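Notes to accompany the following structure.
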Amino acid sequence: MLPNETISLIHLNMIQGVGLKTIQILRDVFGSAAHALQATSDELSKIDRLTPAMRDLLQRKPVQYPIERELELIEEYGCQVLTLYDTAYPALLKEIDTPPIVIYIRGELTSEDSLSLALVGSRDAKDYGRKASYRLSYQLAQRGLTIVSGLAKGIDTAAHRGALESGGRTVAVMGSGLSFVYPAANTDLAEKITASGALISEFPMETTPKPNNFPRRNRIISGLTLGTVVVEASNRSGALITARLAGEQGREVFAVPGEIFSELSTGTHRLINNGAKLVNTVDDLLNELPRYAVSQIQSAASASPMSNVETQPSPEAPVVEKRTAAQPSIEVEQPSQVTPPPDLTPDEKTVFDAIEDPSSHIDTIVRATQLPIGQVSSVLLMLELKGIVQQLPGKQFTKSG
């Protein structure tokens with residue numbers, strides 16, 4: 001059962017037009033959100049810091065649906081609710097100018113999530129960007145960092161999957177209430193994130209994913225983290241909003257260089273020209289983090305059973321983990337075993353088995369599997385990311401080994 005003050009803050013948060021500043025004024029005057037909700041018109045009229053329109057709004061309390069329905073949905077989806085005044089509220093997020101009053105959580109936020117980086121970029125990412133995002137996230141999660149992104153298609157999806165498939169933690173910040181998963185195609189991914197991290201939102205449970213919600217959620221993505229990495233973004237990309245907010249919040253901003261003739265490199269290259277740190281290796285990221293964070297990351301890596309296992313990206317990806325004597329690398333792009341790992345999905349195993357020696361054209365794979373070409377293309381990309389399939393010129397694919 002949620003505390004009465006938490007329920008009252010949820011109620012205030014549901015009133016459109018009531019934000020952080022107003023709630024802080026109300027708590028200053030009445031001592032609690034619960035008392036503020038019960039304030040009379042006369043009591044509100046005496047607060048000079050409130051406009052007449054705001055006093056009227058607080059009297060009418062217009063909400064999309066009743067608070068009772070909100071509490072039912074919170075219970076139905078197994079959500080935890082943290083308010084800005086709770087000790088468990090993320091410390092980094094509390095530091096930004098406009099932290100959300102309420103955050104809903106499916107899954108669990110832990111203390112280790114304070115060591116986190118955001119990876120964001122284009123929804124229409126190319127293979128290059130998705131591979132870079134996946135491998136960066138994989139390697140960073142191996143080091144003990146939590147990967148934060150927005151569950152969107154493209155770069156965000158690759159970032160979440162990289163963290164999950166390394167056995168690490170990842171957090172998805174939603175632009176809707178947690179009764180929705182957007183895009184719907186990422187429903188299975190959202191469930192995996194819930195099991196190994198968290199979905200979070202500041203929006204009431206039944207809020208639909210409207211376009212104006214996403215710039216608001218971007219400040220949370222950057223605010224939760226030590227820095228933001230932009231991987232493939234055009235000059236119109238929302239990822240640049242996240243990068244700008246990170247800079248305004250005093251956090252690090254990084255950018256992965258892209259192909260010079262690609263529209264999806266214009267935004268990242270502009271960031272680099274404007275002072276963002278250029279990323280070639282995971283160490284480029286780690287070396288720029290606060291000293292206290294680096295020491296904690298090193299301690300976490302020493303304690304981890306996977307601390308000496310690093311992935312080595314293919315030459316197609318711009319991210320290469322530096323080898324040291326203490327950190328022998330295991331090749332991802334060219335493993336010594338052709339046999340696929342046992343954790344492939346049924347579709348991945350079907351496509352892998354359809355690739356013949358020395359190579360098979362994608363059309364041949366489609367005919368052998370009887371799967372739609374779009375699905376085969378998507379599965380082949382995931383097999384490439386996992387390092388067990390390699391694409392050759394002419395849409396030929398071969399098993400790595």
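Residue numbers start at 1 in each chain; chains themselves are named A, B, ... in the order of the structure tokens; ligands are numbered from 1 in the order shown.
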| Non-local contacts of A:Val256 (12 Å; only C-alpha atoms; under 5 positions in same chain excluded) as a PyMOL selection string | chain A and resi 119-121+128-133+136+155+228-233+264-272+276-282+284-285+317-320
Expected file: the selected residues, C-alpha atoms, as a tab-separated table (two decimals), in the first residue's frame:
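Saved to result_25.tsv:
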chain	number	residue	atom	x	y	z
A	119	LEU	CA	23.15	5.66	-25.41
A	120	VAL	CA	20.78	7.33	-27.85
A	121	GLY	CA	20.46	7.92	-31.58
A	128	TYR	CA	26.76	0.62	-38.76
A	129	GLY	CA	25.03	2.53	-35.99
A	130	ARG	CA	23.21	-0.48	-34.56
A	131	LYS	CA	26.43	-2.48	-34.40
A	132	ALA	CA	28.27	0.40	-32.71
A	133	SER	CA	25.46	0.86	-30.19
A	136	LEU	CA	29.49	-0.24	-26.92
A	155	ILE	CA	20.00	2.79	-31.69
A	228	THR	CA	25.23	10.66	-22.89
A	229	VAL	CA	26.62	8.92	-25.97
A	230	VAL	CA	25.04	9.79	-29.33
A	231	VAL	CA	25.36	7.09	-31.98
A	232	GLU	CA	24.11	8.05	-35.46
A	233	ALA	CA	21.88	11.10	-35.49
A	264	LEU	CA	22.76	10.12	-40.00
A	265	SER	CA	26.29	11.38	-39.29
A	266	THR	CA	25.51	15.08	-39.59
A	267	GLY	CA	24.22	15.43	-36.04
A	268	THR	CA	26.98	13.42	-34.38
A	269	HIS	CA	29.70	15.23	-36.34
A	270	ARG	CA	28.20	18.59	-35.37
A	271	LEU	CA	28.33	17.52	-31.73
A	272	ILE	CA	32.01	16.64	-32.12
A	276	ALA	CA	31.54	16.54	-27.62
A	277	LYS	CA	34.10	13.84	-26.86
A	278	LEU	CA	34.79	11.62	-29.88
A	279	VAL	CA	34.39	7.92	-29.10
A	280	ASN	CA	36.73	5.36	-30.65
A	281	THR	CA	37.01	2.97	-27.72
A	282	VAL	CA	35.28	2.16	-24.46
A	284	ASP	CA	37.44	7.03	-24.42
A	285	LEU	CA	34.23	6.99	-22.38
A	317	ALA	CA	32.18	-1.02	-35.97
A	318	PRO	CA	34.04	2.07	-34.73
A	319	VAL	CA	34.33	0.80	-31.16
A	320	VAL	CA	37.35	-1.34	-30.29
| Contacts of A:Thr187 within 12 Å, only C-alpha atoms, excl. fewer than 5 positions in-chain, as a list in words | Leu151, Ala152, Lys153, Thr157, Leu178, Ser179, Phe180, Val181, Tyr182, Lys192, Ile193, Thr194 and Leu199 of chain A
Written file, previous selection with C-alpha atoms, as a PDB file, in the first residue's frame:
ATOM      1  CA  LEU A 151      13.285   1.809 -25.978  1.00  0.00           C
ATOM      2  CA  ALA A 152      12.846   3.371 -29.435  1.00  0.00           C
ATOM      3  CA  LYS A 153      13.658   1.488 -32.617  1.00  0.00           C
ATOM      4  CA  THR A 157      16.935  -1.057 -29.142  1.00  0.00           C
ATOM      5  CA  LEU A 178       3.838   2.166 -18.089  1.00  0.00           C
ATOM      6  CA  SER A 179       0.592   0.504 -19.176  1.00  0.00           C
ATOM      7  CA  PHE A 180       1.849   1.083 -22.742  1.00  0.00           C
ATOM      8  CA  VAL A 181       4.931  -0.268 -24.489  1.00  0.00           C
ATOM      9  CA  TYR A 182       5.961   1.903 -27.404  1.00  0.00           C
ATOM     10  CA  LYS A 192      13.447  -8.615 -20.563  1.00  0.00           C
ATOM     11  CA  ILE A 193      14.447  -5.151 -19.392  1.00  0.00           C
ATOM     12  CA  THR A 194      11.972  -5.401 -16.521  1.00  0.00           C
ATOM     13  CA  LEU A 199      11.206   0.586 -17.215  1.00  0.00           C
TER      14      LEU A 199
END
| field | helix (DSSP H, G or I) call set, DSSP backbone run, stretch 137-277 of chain A, as a ChimeraX atom specification | value | /A:137-142,155-165,184-195,213-223,239-248,263-273
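Using only C-alpha atoms, the shortest contact distance between A:Ile388 and any of A:Arg367, A:Lys349, A:Lys21, A:Lys94 is found at A:Lys349.
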| request: Write out as a PyMOL selection string each polymer residue whose atoms come within 8 Å of stretch 164-173 of chain A, counting only C-alpha atoms; drop sequence neighbours fewer than 3 positions from it. | output: chain A and resi 113+138-139+141-142+144-151+160-161+190+192-193+196-201+217+220-221
Could the residues in this selection be written to a file with N, CA and C atoms, as an mmCIF file, in the first residue's frame?
data_model
loop_
_atom_site.group_PDB
_atom_site.id
_atom_site.type_symbol
_atom_site.label_atom_id
_atom_site.label_comp_id
_atom_site.auth_asym_id
_atom_site.auth_seq_id
_atom_site.Cartn_x
_atom_site.Cartn_y
_atom_site.Cartn_z
ATOM 1 N N ASP A 113 22.893 1.386 -10.358
ATOM 2 C CA ASP A 113 22.458 2.158 -11.522
ATOM 3 C C ASP A 113 22.957 3.598 -11.486
ATOM 4 N N TYR A 138 27.371 -3.482 -24.866
ATOM 5 C CA TYR A 138 27.834 -4.799 -24.389
ATOM 6 C C TYR A 138 29.089 -4.637 -23.529
ATOM 7 N N GLN A 139 30.065 -3.897 -24.063
ATOM 8 C CA GLN A 139 31.334 -3.741 -23.351
ATOM 9 C C GLN A 139 31.187 -2.905 -22.085
ATOM 10 N N ALA A 141 28.449 -2.552 -20.261
ATOM 11 C CA ALA A 141 27.715 -3.343 -19.268
ATOM 12 C C ALA A 141 28.620 -4.391 -18.632
ATOM 13 N N GLN A 142 29.544 -4.942 -19.405
ATOM 14 C CA GLN A 142 30.512 -5.878 -18.833
ATOM 15 C C GLN A 142 31.361 -5.218 -17.757
ATOM 16 N N GLY A 144 30.293 -3.097 -15.727
ATOM 17 C CA GLY A 144 29.464 -2.801 -14.568
ATOM 18 C C GLY A 144 28.628 -1.552 -14.690
ATOM 19 N N LEU A 145 28.627 -0.891 -15.868
ATOM 20 C CA LEU A 145 27.779 0.288 -16.035
ATOM 21 C C LEU A 145 26.379 -0.126 -16.480
ATOM 22 N N THR A 146 25.396 0.595 -16.003
ATOM 23 C CA THR A 146 24.023 0.421 -16.457
ATOM 24 C C THR A 146 23.822 1.268 -17.708
ATOM 25 N N ILE A 147 23.165 0.692 -18.711
ATOM 26 C CA ILE A 147 22.899 1.394 -19.964
ATOM 27 C C ILE A 147 21.475 1.934 -19.926
ATOM 28 N N VAL A 148 21.329 3.246 -20.145
ATOM 29 C CA VAL A 148 20.034 3.908 -20.124
ATOM 30 C C VAL A 148 19.704 4.376 -21.544
ATOM 31 N N SER A 149 18.483 4.092 -22.000
ATOM 32 C CA SER A 149 18.051 4.549 -23.310
ATOM 33 C C SER A 149 16.529 4.671 -23.296
ATOM 34 N N GLY A 150 15.931 4.829 -24.502
ATOM 35 C CA GLY A 150 14.513 5.171 -24.553
ATOM 36 C C GLY A 150 13.598 4.153 -25.181
ATOM 37 N N LEU A 151 14.079 2.923 -25.444
ATOM 38 C CA LEU A 151 13.285 1.809 -25.978
ATOM 39 C C LEU A 151 12.804 2.059 -27.407
ATOM 40 N N HIS A 160 19.891 -1.423 -25.584
ATOM 41 C CA HIS A 160 19.287 -2.275 -24.560
ATOM 42 C C HIS A 160 19.697 -3.730 -24.755
ATOM 43 N N ARG A 161 19.679 -4.205 -25.999
ATOM 44 C CA ARG A 161 20.015 -5.613 -26.255
ATOM 45 C C ARG A 161 21.480 -5.901 -25.944
ATOM 46 N N ALA A 190 10.918 -5.166 -23.704
ATOM 47 C CA ALA A 190 10.535 -4.463 -22.473
ATOM 48 C C ALA A 190 10.425 -5.425 -21.297
ATOM 49 N N LYS A 192 12.083 -8.227 -20.946
ATOM 50 C CA LYS A 192 13.447 -8.615 -20.563
ATOM 51 C C LYS A 192 14.123 -7.511 -19.760
ATOM 52 N N ILE A 193 13.874 -6.272 -20.147
ATOM 53 C CA ILE A 193 14.447 -5.151 -19.392
ATOM 54 C C ILE A 193 13.891 -5.125 -17.976
ATOM 55 N N SER A 196 15.767 -7.480 -15.852
ATOM 56 C CA SER A 196 17.195 -7.226 -15.637
ATOM 57 C C SER A 196 17.498 -5.738 -15.519
ATOM 58 N N GLY A 197 16.556 -4.990 -15.029
ATOM 59 C CA GLY A 197 16.721 -3.555 -14.914
ATOM 60 C C GLY A 197 15.387 -2.919 -14.617
ATOM 61 N N ALA A 198 15.007 -1.919 -15.398
ATOM 62 C CA ALA A 198 13.744 -1.243 -15.099
ATOM 63 C C ALA A 198 13.226 -0.472 -16.301
ATOM 64 N N LEU A 199 11.889 -0.390 -16.381
ATOM 65 C CA LEU A 199 11.206 0.586 -17.215
ATOM 66 C C LEU A 199 10.772 1.707 -16.281
ATOM 67 N N ILE A 200 10.984 2.946 -16.662
ATOM 68 C CA ILE A 200 10.544 4.036 -15.792
ATOM 69 C C ILE A 200 9.846 5.120 -16.612
ATOM 70 N N SER A 201 8.978 5.866 -15.940
ATOM 71 C CA SER A 201 8.246 6.960 -16.574
ATOM 72 C C SER A 201 7.807 7.951 -15.521
ATOM 73 N N ARG A 217 10.845 13.251 -21.640
ATOM 74 C CA ARG A 217 11.497 12.036 -21.144
ATOM 75 C C ARG A 217 13.005 12.080 -21.394
ATOM 76 N N ILE A 220 15.164 13.025 -18.559
ATOM 77 C CA ILE A 220 15.336 11.963 -17.566
ATOM 78 C C ILE A 220 16.427 11.006 -18.013
ATOM 79 N N ILE A 221 16.463 10.680 -19.310
ATOM 80 C CA ILE A 221 17.525 9.805 -19.829
ATOM 81 C C ILE A 221 18.897 10.393 -19.502
#
Please report, as CSV, each residue of stretch 158-277 of chain A lying at most 12 Å from stretch 13-20 of chain A, together with the nearest pair of atoms and the separation in Å rounded to one decimal; use only C-alpha atoms, and order rows by chain and ascending residue number.
residue,atom,partner,partner_atom,distance
A:Gly177,CA,A:Met14,CA,11.4
A:Glu202,CA,A:Asn13,CA,8.8
A:Phe203,CA,A:Met14,CA,8.1
A:Pro204,CA,A:Met14,CA,6.4
A:Met205,CA,A:Met14,CA,9.7
A:Glu206,CA,A:Met14,CA,10.5
A:Thr207,CA,A:Met14,CA,9.8
| request: Name the residues of stretch 21-192 of chain A that come out as strand (DSSP E) in a backbone DSSP run; write them as a PyMOL selection string. | output: chain A and resi 80-83+102-107+116-121+146-149+170-173
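Taking atom CA of A:Leu84 and atom CA of A:Ile101 as endpoints, the distance between them is 5.1 Å.
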| request: Would you mind listing what lies within 9 Å of A:Leu58 as number ranges by chain, with only C-alpha atoms counted and same-chain residues fewer than 3 positions away left out? | output: A: 12, 15, 18, 36-37, 39, 41, 44, 53-55, 61-62
